[in-house]
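Structure file protein_5.cif (mmCIF, C-alpha atoms) is printed below.
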data_query
#
loop_
_atom_site.label_atom_id
_atom_site.label_comp_id
_atom_site.auth_asym_id
_atom_site.auth_seq_id
_atom_site.Cartn_x
_atom_site.Cartn_y
_atom_site.Cartn_z
CA MET A 531 -24.72 -3.00 5.33
CA VAL A 532 -23.62 -4.44 8.69
CA GLU A 533 -23.71 -7.99 7.34
CA PHE A 534 -21.66 -6.89 4.33
CA LEU A 535 -19.02 -5.22 6.51
CA ILE A 536 -18.71 -8.26 8.77
CA ARG A 537 -18.37 -10.55 5.75
CA ARG A 538 -15.67 -8.40 4.16
CA ILE A 539 -13.75 -7.96 7.42
CA LEU A 540 -13.74 -11.74 7.93
CA TRP A 541 -12.38 -12.16 4.40
CA MET A 542 -9.43 -9.99 5.41
CA ILE A 543 -8.21 -12.70 7.83
CA PRO A 544 -7.18 -15.29 5.17
CA VAL A 545 -5.70 -12.47 3.08
CA ILE A 546 -3.47 -11.40 5.97
CA ILE A 547 -2.45 -14.99 6.67
CA ALA A 548 -1.58 -15.56 3.00
CA VAL A 549 0.47 -12.36 2.81
CA ALA A 550 2.27 -13.25 6.04
CA ALA A 551 3.00 -16.81 4.85
CA VAL A 552 4.43 -15.69 1.49
CA THR A 553 6.50 -12.94 3.10
CA PHE A 554 7.74 -15.33 5.78
CA PHE A 555 8.74 -17.96 3.21
CA LEU A 556 10.61 -15.50 0.96
CA MET A 557 12.24 -13.79 3.92
CA TYR A 558 13.73 -16.93 5.40
CA ARG A 559 14.78 -18.25 1.99
CA ALA A 560 17.13 -15.27 1.65
CA PRO A 561 20.68 -15.89 2.87
CA GLY A 562 21.90 -14.37 6.11
CA GLY A 563 20.24 -13.59 9.41
CA PRO A 564 19.45 -10.69 11.76
CA TRP A 565 22.69 -11.13 13.72
CA ASP A 566 25.03 -11.14 10.73
CA ARG A 567 27.51 -8.30 10.98
CA GLU A 568 30.86 -7.38 9.48
CA LYS A 569 32.32 -8.56 12.77
CA PRO A 570 30.58 -11.86 13.60
CA LEU A 571 28.96 -12.17 17.01
CA PRO A 572 30.25 -14.90 19.34
CA THR A 573 28.29 -18.14 19.12
CA PRO A 574 26.98 -17.95 22.74
CA VAL A 575 25.70 -14.41 22.09
CA ARG A 576 23.91 -15.52 18.91
CA ALA A 577 22.35 -18.46 20.77
CA THR A 578 21.16 -16.15 23.56
CA LEU A 579 19.61 -13.72 21.07
CA ASP A 580 17.95 -16.56 19.14
CA ALA A 581 16.42 -17.90 22.34
CA LYS A 582 15.30 -14.43 23.43
CA PHE A 583 13.43 -13.73 20.18
CA GLY A 584 12.26 -17.29 19.46
CA LEU A 585 14.55 -17.78 16.47
CA ASP A 586 15.71 -21.13 17.84
CA LYS A 587 12.33 -22.67 17.02
CA PRO A 588 11.53 -24.48 13.72
CA LEU A 589 10.12 -22.34 10.93
CA TRP A 590 6.68 -23.89 10.33
CA ILE A 591 5.91 -26.83 12.64
CA ASN A 592 7.56 -28.37 15.69
CA PRO A 593 7.24 -32.18 15.61
CA ASP A 594 9.99 -32.54 18.22
CA GLU A 595 7.97 -30.65 20.81
CA PHE A 596 4.94 -32.72 19.89
CA GLY A 597 6.98 -35.93 20.37
CA GLU A 598 8.33 -34.80 23.71
CA ARG A 599 4.85 -34.07 25.03
CA TRP A 600 3.58 -37.38 23.68
CA ASP A 601 6.43 -39.31 25.26
CA ALA A 602 5.73 -37.53 28.54
CA GLY A 603 2.29 -39.16 28.53
CA ASP A 604 0.25 -36.15 27.57
CA ARG A 605 -2.80 -37.01 25.43
CA ASN A 606 -4.63 -33.67 25.54
CA PRO A 607 -5.24 -32.74 21.84
CA PHE A 608 -5.09 -29.02 22.56
CA TYR A 609 -1.81 -29.30 24.44
CA LEU A 610 -0.31 -31.59 21.78
CA GLY A 611 -1.44 -29.26 18.99
CA GLN A 612 0.06 -26.33 20.84
CA GLY A 613 3.39 -28.12 20.89
CA PHE A 614 3.12 -29.14 17.22
CA PHE A 615 2.55 -25.53 16.12
CA ASP A 616 5.13 -24.06 18.51
CA SER A 617 7.14 -22.60 15.62
CA ARG A 618 8.31 -19.20 14.47
CA PHE A 619 5.49 -18.65 11.99
CA PHE A 620 2.55 -19.71 14.14
CA SER A 621 3.96 -18.04 17.25
CA TYR A 622 4.34 -14.83 15.28
CA MET A 623 0.83 -15.04 13.80
CA SER A 624 -0.73 -15.68 17.21
CA ASN A 625 0.96 -12.50 18.44
CA VAL A 626 -0.22 -10.59 15.37
CA PHE A 627 -3.86 -11.43 16.03
CA ARG A 628 -3.34 -10.18 19.57
CA GLY A 629 -2.08 -6.89 18.14
CA ASP A 630 1.63 -7.49 18.82
CA LEU A 631 3.97 -7.23 15.82
CA GLY A 632 6.99 -8.08 17.95
CA PRO A 633 10.27 -6.30 18.70
CA SER A 634 12.67 -4.92 16.15
CA TYR A 635 15.67 -7.24 15.90
CA ALA A 636 17.90 -4.39 14.72
CA SER A 637 17.34 -2.59 18.03
CA LYS A 638 17.80 -5.84 20.03
CA GLY A 639 14.26 -5.46 21.30
CA ALA A 640 14.62 -1.86 22.49
CA GLU A 641 11.99 -0.74 19.96
CA SER A 642 8.82 -2.52 18.89
CA VAL A 643 7.60 -2.80 15.31
CA GLN A 644 4.53 -0.77 16.23
CA GLU A 645 6.80 2.04 17.36
CA VAL A 646 8.77 1.87 14.11
CA ILE A 647 5.56 2.05 12.05
CA ALA A 648 4.15 4.89 14.18
CA LYS A 649 7.35 6.87 13.72
CA LYS A 650 7.92 6.24 10.01
CA PHE A 651 4.46 5.84 8.49
CA PRO A 652 3.32 9.49 8.84
CA VAL A 653 5.97 10.53 6.29
CA SER A 654 4.78 7.89 3.80
CA LEU A 655 1.17 8.85 4.48
CA LYS A 656 1.84 12.52 3.72
CA ILE A 657 3.65 11.69 0.47
CA GLY A 658 0.79 9.39 -0.51
CA ALA A 659 -1.78 12.06 0.39
CA VAL A 660 -0.05 14.61 -1.85
CA ALA A 661 0.09 12.03 -4.64
CA LEU A 662 -3.60 11.17 -4.27
CA VAL A 663 -4.74 14.80 -4.22
CA PHE A 664 -2.60 15.54 -7.26
CA SER A 665 -3.98 12.47 -9.07
CA VAL A 666 -7.61 13.41 -8.42
CA LEU A 667 -7.35 17.17 -8.97
CA VAL A 668 -5.39 16.80 -12.20
CA GLY A 669 -6.37 13.38 -13.58
CA ILE A 670 -10.17 13.65 -13.44
CA PRO A 671 -10.36 17.16 -14.98
CA LEU A 672 -7.96 16.05 -17.73
CA GLY A 673 -10.20 13.09 -18.51
CA VAL A 674 -13.34 15.24 -18.48
CA LEU A 675 -11.67 17.84 -20.70
CA GLY A 676 -10.58 15.21 -23.20
CA ALA A 677 -14.02 13.58 -23.33
CA LEU A 678 -15.87 16.85 -23.79
CA HIS A 679 -13.52 17.83 -26.66
CA GLN A 680 -13.13 14.39 -28.21
CA ASN A 681 -10.76 14.21 -31.20
CA SER A 682 -9.80 17.87 -30.89
CA TRP A 683 -6.33 19.23 -30.16
CA ILE A 684 -7.30 19.50 -26.48
CA ASP A 685 -8.09 15.79 -26.43
CA TYR A 686 -4.79 14.96 -28.13
CA VAL A 687 -2.81 17.00 -25.59
CA THR A 688 -4.53 15.32 -22.62
CA ARG A 689 -3.95 11.88 -24.16
CA VAL A 690 -0.25 12.60 -24.69
CA ILE A 691 0.11 13.71 -21.06
CA SER A 692 -1.74 10.65 -19.73
CA THR A 693 0.16 8.27 -21.99
CA PHE A 694 3.48 9.69 -20.83
CA GLY A 695 2.50 9.30 -17.18
CA VAL A 696 1.44 5.68 -17.66
CA ALA A 697 4.43 4.72 -19.81
CA VAL A 698 7.19 6.14 -17.61
CA PRO A 699 7.55 4.49 -14.17
CA SER A 700 7.74 6.80 -11.19
CA PHE A 701 11.25 5.71 -10.27
CA ILE A 702 12.46 6.65 -13.78
CA SER A 703 10.72 10.02 -13.79
CA GLY A 704 11.91 10.62 -10.23
CA LEU A 705 15.52 10.01 -11.16
CA LEU A 706 15.28 12.09 -14.35
CA ILE A 707 13.75 15.03 -12.51
CA LEU A 708 16.34 14.70 -9.77
CA LEU A 709 19.16 14.78 -12.33
CA PHE A 710 17.58 17.69 -14.20
CA LEU A 711 17.14 19.78 -11.05
CA THR A 712 20.64 19.11 -9.73
CA ARG A 713 22.63 19.17 -13.00
CA ARG A 714 20.76 21.77 -15.07
CA MET A 715 19.02 23.97 -12.53
CA GLY A 716 21.57 23.78 -9.73
CA TYR A 717 18.81 22.99 -7.24
CA SER A 718 18.91 20.01 -4.92
CA PRO A 719 15.50 18.59 -3.92
CA MET A 720 17.14 16.62 -1.10
CA ARG A 721 15.78 18.01 2.15
CA ASP A 722 17.17 18.36 5.64
CA PRO A 723 15.73 15.77 8.08
CA SER A 724 13.99 18.54 10.03
CA GLU A 725 11.97 19.50 6.92
CA TRP A 726 10.21 16.13 6.90
CA LYS A 727 8.50 17.01 10.17
CA GLY A 728 5.11 18.65 9.91
CA PHE A 729 3.67 19.10 6.42
CA GLY A 730 5.89 21.36 4.34
CA VAL A 731 7.15 21.75 0.80
CA ALA A 732 9.46 18.75 1.18
CA PHE A 733 6.51 16.46 0.39
CA LEU A 734 5.38 18.21 -2.81
CA LEU A 735 7.93 16.95 -5.34
CA PRO A 736 8.01 13.29 -4.16
CA GLY A 737 4.20 13.29 -3.93
CA ILE A 738 3.69 14.71 -7.43
CA ILE A 739 6.16 12.27 -8.98
CA LEU A 740 4.57 9.36 -7.12
CA GLY A 741 1.12 10.41 -8.35
CA LEU A 742 2.01 10.79 -12.03
CA GLY A 743 1.09 7.23 -12.95
CA THR A 744 -2.19 7.25 -11.02
CA MET A 745 -3.08 10.68 -12.40
CA SER A 746 -2.57 9.45 -15.96
CA TYR A 747 -4.57 6.29 -15.36
CA MET A 748 -7.46 8.27 -13.85
CA ALA A 749 -7.42 10.67 -16.80
CA ARG A 750 -7.62 7.82 -19.31
CA LEU A 751 -10.29 5.99 -17.31
CA THR A 752 -12.39 9.12 -16.84
CA ARG A 753 -12.17 9.97 -20.53
CA SER A 754 -13.19 6.51 -21.76
CA SER A 755 -15.97 6.24 -19.20
CA MET A 756 -17.43 9.64 -20.08
CA ILE A 757 -17.33 8.89 -23.81
CA GLU A 758 -19.26 5.68 -23.17
CA ILE A 759 -21.81 7.39 -20.90
CA LYS A 760 -22.39 10.21 -23.43
CA ARG A 761 -23.73 7.62 -25.88
CA GLN A 762 -26.28 6.11 -23.47
CA ASP A 763 -30.01 6.46 -24.02
CA PHE A 764 -30.68 8.26 -20.72
CA VAL A 765 -28.27 11.04 -21.75
CA ARG A 766 -30.08 11.52 -25.05
CA THR A 767 -33.37 11.55 -23.14
CA ALA A 768 -32.05 14.24 -20.79
CA ARG A 769 -31.04 16.39 -23.76
CA ALA A 770 -34.43 15.82 -25.41
CA LYS A 771 -36.16 17.08 -22.24
CA GLY A 772 -34.46 20.43 -22.77
CA LEU A 773 -31.74 20.29 -20.12
CA THR A 774 -28.75 22.48 -20.79
CA ASN A 775 -25.44 20.90 -21.74
CA SER A 776 -23.87 21.77 -18.39
CA MET A 777 -26.77 20.17 -16.50
CA VAL A 778 -26.55 17.02 -18.59
CA VAL A 779 -22.80 16.77 -18.09
CA ASN A 780 -22.82 17.54 -14.37
CA ARG A 781 -25.92 15.62 -13.31
CA HIS A 782 -25.84 12.61 -15.60
CA VAL A 783 -22.57 12.11 -17.46
CA ILE A 784 -19.91 12.89 -14.84
CA ARG A 785 -21.72 11.22 -11.94
CA ASN A 786 -22.18 7.94 -13.80
CA ALA A 787 -18.72 8.15 -15.33
CA LEU A 788 -17.15 8.38 -11.86
CA ILE A 789 -18.27 4.87 -10.87
CA PRO A 790 -15.30 3.09 -12.50
CA VAL A 791 -13.04 5.89 -11.22
CA VAL A 792 -14.24 5.27 -7.67
CA THR A 793 -13.55 1.57 -8.27
CA VAL A 794 -9.84 2.23 -8.64
CA LEU A 795 -9.66 5.18 -6.25
CA GLY A 796 -9.51 3.12 -3.06
CA PRO A 797 -6.84 0.65 -4.20
CA ALA A 798 -5.00 3.55 -5.85
CA ALA A 799 -4.95 5.43 -2.55
CA ALA A 800 -3.53 2.38 -0.78
CA ASP A 801 -1.01 1.85 -3.58
CA LEU A 802 0.15 5.44 -3.37
CA VAL A 803 0.61 5.25 0.40
CA THR A 804 2.34 1.88 0.26
CA GLY A 805 4.14 2.34 -3.05
CA SER A 806 6.48 5.18 -2.16
CA ILE A 807 9.38 2.86 -1.30
CA ILE A 808 11.57 3.82 -4.27
CA ILE A 809 10.56 7.49 -4.22
CA GLU A 810 11.44 7.73 -0.53
CA ASN A 811 14.87 6.28 -1.22
CA ILE A 812 15.48 8.62 -4.17
CA TYR A 813 14.60 11.76 -2.23
CA GLY A 814 15.81 10.64 1.19
CA ALA A 815 12.39 10.72 2.82
CA PRO A 816 12.49 9.00 6.24
CA GLY A 817 9.29 7.07 5.67
CA LEU A 818 8.15 3.50 6.23
CA GLY A 819 9.16 2.51 2.70
CA GLU A 820 12.74 3.58 3.31
CA GLU A 821 12.69 1.72 6.63
CA PHE A 822 11.35 -1.39 4.86
CA VAL A 823 14.26 -1.38 2.40
CA SER A 824 16.83 -0.92 5.15
CA SER A 825 15.17 -3.68 7.19
CA ILE A 826 15.62 -6.08 4.29
CA ALA A 827 19.33 -5.22 4.19
CA LYS A 828 19.58 -5.74 7.96
CA ARG A 829 17.45 -8.93 7.92
CA ASP A 830 15.18 -7.35 10.52
CA TYR A 831 12.56 -10.05 10.08
CA SER A 832 9.97 -8.64 12.46
CA VAL A 833 9.96 -5.20 10.76
CA ILE A 834 9.74 -6.83 7.33
CA MET A 835 6.79 -8.99 8.40
CA GLY A 836 5.08 -6.20 10.29
CA THR A 837 5.38 -3.74 7.41
CA ALA A 838 4.06 -6.29 4.88
CA ILE A 839 1.07 -7.10 7.10
CA PHE A 840 0.41 -3.42 7.78
CA TYR A 841 0.45 -2.62 4.07
CA ALA A 842 -1.85 -5.59 3.32
CA LEU A 843 -4.32 -4.30 5.91
CA LEU A 844 -4.32 -0.88 4.26
CA VAL A 845 -5.04 -2.33 0.81
CA ALA A 846 -7.80 -4.61 2.15
CA ALA A 847 -9.41 -1.73 4.06
CA ALA A 848 -9.26 0.45 0.94
CA ASN A 849 -11.14 -2.20 -1.03
CA VAL A 850 -13.86 -2.33 1.64
CA LEU A 851 -14.23 1.45 1.50
CA VAL A 852 -14.56 1.29 -2.29
CA ASP A 853 -17.42 -1.21 -2.02
CA ILE A 854 -19.18 1.06 0.48
CA THR A 855 -18.70 4.07 -1.81
CA TYR A 856 -20.41 2.20 -4.65
CA GLY A 857 -23.75 2.55 -2.90
CA LEU A 858 -23.22 6.26 -2.36
CA VAL A 859 -22.27 7.04 -5.96
CA ASP A 860 -24.84 4.76 -7.59
CA PRO A 861 -28.06 4.14 -5.60
CA ARG A 862 -28.83 1.17 -7.87
CA ILE A 863 -26.07 -0.77 -6.12
CA ARG A 864 -27.21 -2.40 -2.90
CA LEU A 865 -24.47 -3.77 -0.68
CA ASP A 866 -26.83 -6.03 1.24
CA ASN A 867 -27.66 -8.08 -1.86
#

Kindly present the structure from the file in structure tokens form.
Amino acid sequence: MVEFLIRRILWMIPVIIAVAAVTFFLMYRAPGGPWDREKPLPTPVRATLDAKFGLDKPLWINPDEFGERWDAGDRNPFYLGQGFFDSRFFSYMSNVFRGDLGPSYASKGAESVQEVIAKKFPVSLKIGAVALVFSVLVGIPLGVLGALHQNSWIDYVTRVISTFGVAVPSFISGLLILLFLTRRMGYSPMRDPSEWKGFGVAFLLPGIILGLGTMSYMARLTRSSMIEIKRQDFVRTARAKGLTNSMVVNRHVIRNALIPVVTVLGPAAADLVTGSIIIENIYGAPGLGEEFVSSIAKRDYSVIMGTAIFYALLVAAANVLVDITYGLVDPRIRLDN
């Protein structure tokens, strides 16, 4: 187990580097910069800010610094390599691996990216938690119900519900429900900023809408997995031994059918926590997703990079937890092999 965990954690390093490199490339390919305003800043002020935050360095590599050190007579490979990689990307990544995501450019360095994430992420986490609980508590029972009553009207109803949830994206259903509540019911789901503190009813509607797709996918996956397990030889053997139908379903069918559900549960949890960007904007939730969108508009490069890396870490950690859960759900799976 320990060897497996170490191996998986080490695999997270190239994943983080790849995510950071792609995000960095796309971010700097976009027009504009962090100091662009309706009223342009004076050139000396821009130069001072660039120097303060290291934006005056080359993007990827710094051959000029390497040449200067070489011309100065330095032949130390480490010192020369340090000059060659003295760029925005490698300077940022070296800080990341030291646990520093840098300052927020929008605040002129008054607030760090860690502080932004610590302040905004709890809202996204609560919405994602509501979505995950809703997906599990509704999706799995729907799938079990459909499998146990295969080809009956109950099965047809559960399949229609799950198909609707998969077919309609959350941002479409979120907008439709928002319009229905405001236009037809005269009720506005938009909440006062104070209501997003703590854990109140403000999180229910965004969380349920965010979890519709995952709920439907879990229902379909649970149904198909249970139907397949019901036809296995060990289930027929259990029935032949005289076990009651409830014992066969609970002890043999559901437990084995949950293995593929557990497979998607970890990534689904990470997706729900990190995928609330549009839902947060629709319902005005002050979460990390909403901050990520506004950071893109403001070209706050450090917040964009930090949020992307933070989300990548969550997804990678969720995948590790899924692999660990395999061994708990199915003893036949050995993680050390």

**Request:** For a cut-off of 12 Å around (-4.3, 15.5, -19.6), file coordinates, pick out all residues using all atoms listed in the file and list them as an MDAnalysis selection string.
**Result:** chainID A and resid 665:677 679 683:696 742:743 745:753

**Item:** Counting all atoms listed in the file, the residue of A:Ser617, A:Ser624, A:Ser776, A:Ser703 that sits nearest Pro736 (chain A)
**Value:**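 Selected residue with least distance to Pro736 (chain A): A:Ser703.
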
**Message:** Let me make sure I understand: among A:Gly817, A:Ala800, A:Ser832, A:Gln644, which one has the smallest atom-to-atom distance to Val845 (chain A) if we use all atoms listed in the file?
**Reply:**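 Residue with the minimum atom-to-atom distance to Val845 (chain A): A:Ala800.
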
**Request:** List the neighbours of region 647-664 of chain A out to 6 Å using only C-alpha atoms; skip same-chain residues closer than 5 positions along the sequence, and give me the result as an MDAnalysis selection string.
**Result:** chainID A and resid 733 737:738 740:741 802:803 817:818

**Asked** Pick the closest to Tyr831 (chain A) from A:Leu610, A:Ala636, A:Val545, A:Val731: which is it, counting all atoms listed in the file?
**Response**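 With all atoms listed in the file as the atom set, the closest residue is A:Ala636.
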
**Prompt:** So how far away is CA of Trp565 (chain A) from CA of Phe840 (chain A), in Å?
**Reply:**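 CA of Trp565 (chain A) lies 24.3 Å from CA of Phe840 (chain A).
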
**Prompt:** Got a sec: who's within 10 Å of Val794 (chain A), counting only C-alpha atoms, leaving out chain neighbours fewer than 4 positions off, as number ranges by chain?
**Reply:** A: 744, 747-748, 751, 789-790, 798-799, 848-849, 852

**Request:** In Å, rounded to a single decimal, give me how far CA of Ile809 (chain A) is from CA of Ile739 (chain A).
**Result:**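 These two atoms are separated by 8.1 Å.
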
For Asn592 (chain A), please output as an mmCIF file with C-alpha atoms, keeping the file's coordinate frame all residues within 7 Å (counting all atoms listed in the file; exclusion window: fewer than 5 positions along the same chain).
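Full text of result16.cif as output:
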data_model
loop_
_atom_site.group_PDB
_atom_site.id
_atom_site.type_symbol
_atom_site.label_atom_id
_atom_site.label_comp_id
_atom_site.auth_asym_id
_atom_site.auth_seq_id
_atom_site.Cartn_x
_atom_site.Cartn_y
_atom_site.Cartn_z
ATOM 1 C CA GLY A 613 3.390 -28.120 20.890
ATOM 2 C CA PHE A 614 3.120 -29.140 17.220
ATOM 3 C CA PHE A 615 2.550 -25.530 16.120
ATOM 4 C CA ASP A 616 5.130 -24.060 18.510
ATOM 5 C CA SER A 617 7.140 -22.600 15.620
#

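Interatomic distance, CA of Gly611 (chain A) against CA of Phe596 (chain A): 7.3 Å.
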
**Message:** Take the PyMOL selection byres ((chain A and resi 833) around 12), run it mentally on this structure, and tell me the resulting residues as a ChimeraX atom specification.
**Reply:** /A:553-554,557,564,630-637,639,641-647,650,818-832,834-841

**Request:** For Arg538 (chain A), work out the shell of residues within 10 Å, counting only C-alpha atoms and skipping chain neighbours fewer than 3 positions away, then give it as JSON, numbers by chain.
**Result:** {"A": [532, 533, 534, 535, 541, 542, 543, 846, 847, 849, 850, 853]}

**Request:** Could you tell me which of A:Ala640, A:Asp594, A:Val779, A:Leu734 comes closest to Met756 (chain A) if we count all atoms listed in the file?
**Result:** A:Val779

Your completed region 686-714 of chain A with N, CA and C atoms, as a PDB file, keeping the file's coordinate frame:
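Written file, out.pdb:
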ATOM      1  N   TYR A 686      -6.101  15.537 -27.796  1.00  0.00           N
ATOM      2  CA  TYR A 686      -4.790  14.960 -28.130  1.00  0.00           C
ATOM      3  C   TYR A 686      -3.737  15.325 -27.080  1.00  0.00           C
ATOM      4  N   VAL A 687      -3.776  16.576 -26.605  1.00  0.00           N
ATOM      5  CA  VAL A 687      -2.810  17.000 -25.590  1.00  0.00           C
ATOM      6  C   VAL A 687      -3.015  16.215 -24.297  1.00  0.00           C
ATOM      7  N   THR A 688      -4.259  16.066 -23.862  1.00  0.00           N
ATOM      8  CA  THR A 688      -4.530  15.320 -22.620  1.00  0.00           C
ATOM      9  C   THR A 688      -4.134  13.849 -22.764  1.00  0.00           C
ATOM     10  N   ARG A 689      -4.323  13.282 -23.944  1.00  0.00           N
ATOM     11  CA  ARG A 689      -3.950  11.880 -24.160  1.00  0.00           C
ATOM     12  C   ARG A 689      -2.439  11.698 -24.165  1.00  0.00           C
ATOM     13  N   VAL A 690      -1.715  12.675 -24.723  1.00  0.00           N
ATOM     14  CA  VAL A 690      -0.250  12.600 -24.690  1.00  0.00           C
ATOM     15  C   VAL A 690       0.261  12.660 -23.253  1.00  0.00           C
ATOM     16  N   ILE A 691      -0.303  13.578 -22.466  1.00  0.00           N
ATOM     17  CA  ILE A 691       0.110  13.710 -21.060  1.00  0.00           C
ATOM     18  C   ILE A 691      -0.178  12.430 -20.295  1.00  0.00           C
ATOM     19  N   SER A 692      -1.368  11.870 -20.464  1.00  0.00           N
ATOM     20  CA  SER A 692      -1.740  10.650 -19.730  1.00  0.00           C
ATOM     21  C   SER A 692      -0.933   9.455 -20.196  1.00  0.00           C
ATOM     22  N   THR A 693      -0.641   9.386 -21.482  1.00  0.00           N
ATOM     23  CA  THR A 693       0.160   8.270 -21.990  1.00  0.00           C
ATOM     24  C   THR A 693       1.585   8.338 -21.450  1.00  0.00           C
ATOM     25  N   PHE A 694       2.138   9.529 -21.377  1.00  0.00           N
ATOM     26  CA  PHE A 694       3.480   9.690 -20.830  1.00  0.00           C
ATOM     27  C   PHE A 694       3.525   9.254 -19.370  1.00  0.00           C
ATOM     28  N   GLY A 695       2.523   9.657 -18.600  1.00  0.00           N
ATOM     29  CA  GLY A 695       2.500   9.300 -17.180  1.00  0.00           C
ATOM     30  C   GLY A 695       2.373   7.810 -16.948  1.00  0.00           C
ATOM     31  N   VAL A 696       1.606   7.137 -17.811  1.00  0.00           N
ATOM     32  CA  VAL A 696       1.440   5.680 -17.660  1.00  0.00           C
ATOM     33  C   VAL A 696       2.691   4.946 -18.125  1.00  0.00           C
ATOM     34  N   ALA A 697       3.318   5.439 -19.200  1.00  0.00           N
ATOM     35  CA  ALA A 697       4.430   4.720 -19.810  1.00  0.00           C
ATOM     36  C   ALA A 697       5.724   4.822 -19.014  1.00  0.00           C
ATOM     37  N   VAL A 698       5.927   5.928 -18.323  1.00  0.00           N
ATOM     38  CA  VAL A 698       7.190   6.140 -17.610  1.00  0.00           C
ATOM     39  C   VAL A 698       6.984   5.810 -16.138  1.00  0.00           C
ATOM     40  N   PRO A 699       7.687   4.816 -15.596  1.00  0.00           N
ATOM     41  CA  PRO A 699       7.550   4.490 -14.170  1.00  0.00           C
ATOM     42  C   PRO A 699       7.989   5.640 -13.286  1.00  0.00           C
ATOM     43  N   SER A 700       7.447   5.689 -12.088  1.00  0.00           N
ATOM     44  CA  SER A 700       7.740   6.800 -11.190  1.00  0.00           C
ATOM     45  C   SER A 700       9.204   6.840 -10.787  1.00  0.00           C
ATOM     46  N   PHE A 701       9.841   5.674 -10.675  1.00  0.00           N
ATOM     47  CA  PHE A 701      11.250   5.710 -10.270  1.00  0.00           C
ATOM     48  C   PHE A 701      12.138   6.244 -11.401  1.00  0.00           C
ATOM     49  N   ILE A 702      11.708   6.071 -12.666  1.00  0.00           N
ATOM     50  CA  ILE A 702      12.460   6.650 -13.780  1.00  0.00           C
ATOM     51  C   ILE A 702      12.249   8.162 -13.826  1.00  0.00           C
ATOM     52  N   SER A 703      10.997   8.587 -13.763  1.00  0.00           N
ATOM     53  CA  SER A 703      10.720  10.020 -13.790  1.00  0.00           C
ATOM     54  C   SER A 703      11.316  10.714 -12.570  1.00  0.00           C
ATOM     55  N   GLY A 704      11.311  10.035 -11.426  1.00  0.00           N
ATOM     56  CA  GLY A 704      11.910  10.620 -10.230  1.00  0.00           C
ATOM     57  C   GLY A 704      13.395  10.839 -10.383  1.00  0.00           C
ATOM     58  N   LEU A 705      14.084   9.868 -10.940  1.00  0.00           N
ATOM     59  CA  LEU A 705      15.520  10.010 -11.160  1.00  0.00           C
ATOM     60  C   LEU A 705      15.823  11.075 -12.211  1.00  0.00           C
ATOM     61  N   LEU A 706      15.043  11.092 -13.303  1.00  0.00           N
ATOM     62  CA  LEU A 706      15.280  12.090 -14.350  1.00  0.00           C
ATOM     63  C   LEU A 706      15.062  13.503 -13.836  1.00  0.00           C
ATOM     64  N   ILE A 707      13.998  13.696 -13.061  1.00  0.00           N
ATOM     65  CA  ILE A 707      13.750  15.030 -12.510  1.00  0.00           C
ATOM     66  C   ILE A 707      14.818  15.405 -11.496  1.00  0.00           C
ATOM     67  N   LEU A 708      15.273  14.434 -10.728  1.00  0.00           N
ATOM     68  CA  LEU A 708      16.340  14.700  -9.770  1.00  0.00           C
ATOM     69  C   LEU A 708      17.618  15.130 -10.489  1.00  0.00           C
ATOM     70  N   LEU A 709      17.965  14.413 -11.562  1.00  0.00           N
ATOM     71  CA  LEU A 709      19.160  14.780 -12.330  1.00  0.00           C
ATOM     72  C   LEU A 709      19.002  16.148 -12.991  1.00  0.00           C
ATOM     73  N   PHE A 710      17.818  16.405 -13.527  1.00  0.00           N
ATOM     74  CA  PHE A 710      17.580  17.690 -14.200  1.00  0.00           C
ATOM     75  C   PHE A 710      17.700  18.845 -13.202  1.00  0.00           C
ATOM     76  N   LEU A 711      17.110  18.698 -12.032  1.00  0.00           N
ATOM     77  CA  LEU A 711      17.140  19.780 -11.050  1.00  0.00           C
ATOM     78  C   LEU A 711      18.549  20.028 -10.519  1.00  0.00           C
ATOM     79  N   THR A 712      19.306  18.942 -10.315  1.00  0.00           N
ATOM     80  CA  THR A 712      20.640  19.110  -9.730  1.00  0.00           C
ATOM     81  C   THR A 712      21.668  19.521 -10.781  1.00  0.00           C
ATOM     82  N   ARG A 713      21.610  18.908 -11.979  1.00  0.00           N
ATOM     83  CA  ARG A 713      22.630  19.170 -13.000  1.00  0.00           C
ATOM     84  C   ARG A 713      22.334  20.441 -13.788  1.00  0.00           C
ATOM     85  N   ARG A 714      21.094  20.660 -14.183  1.00  0.00           N
ATOM     86  CA  ARG A 714      20.760  21.770 -15.070  1.00  0.00           C
ATOM     87  C   ARG A 714      20.320  23.020 -14.313  1.00  0.00           C
TER      88      ARG A 714
END
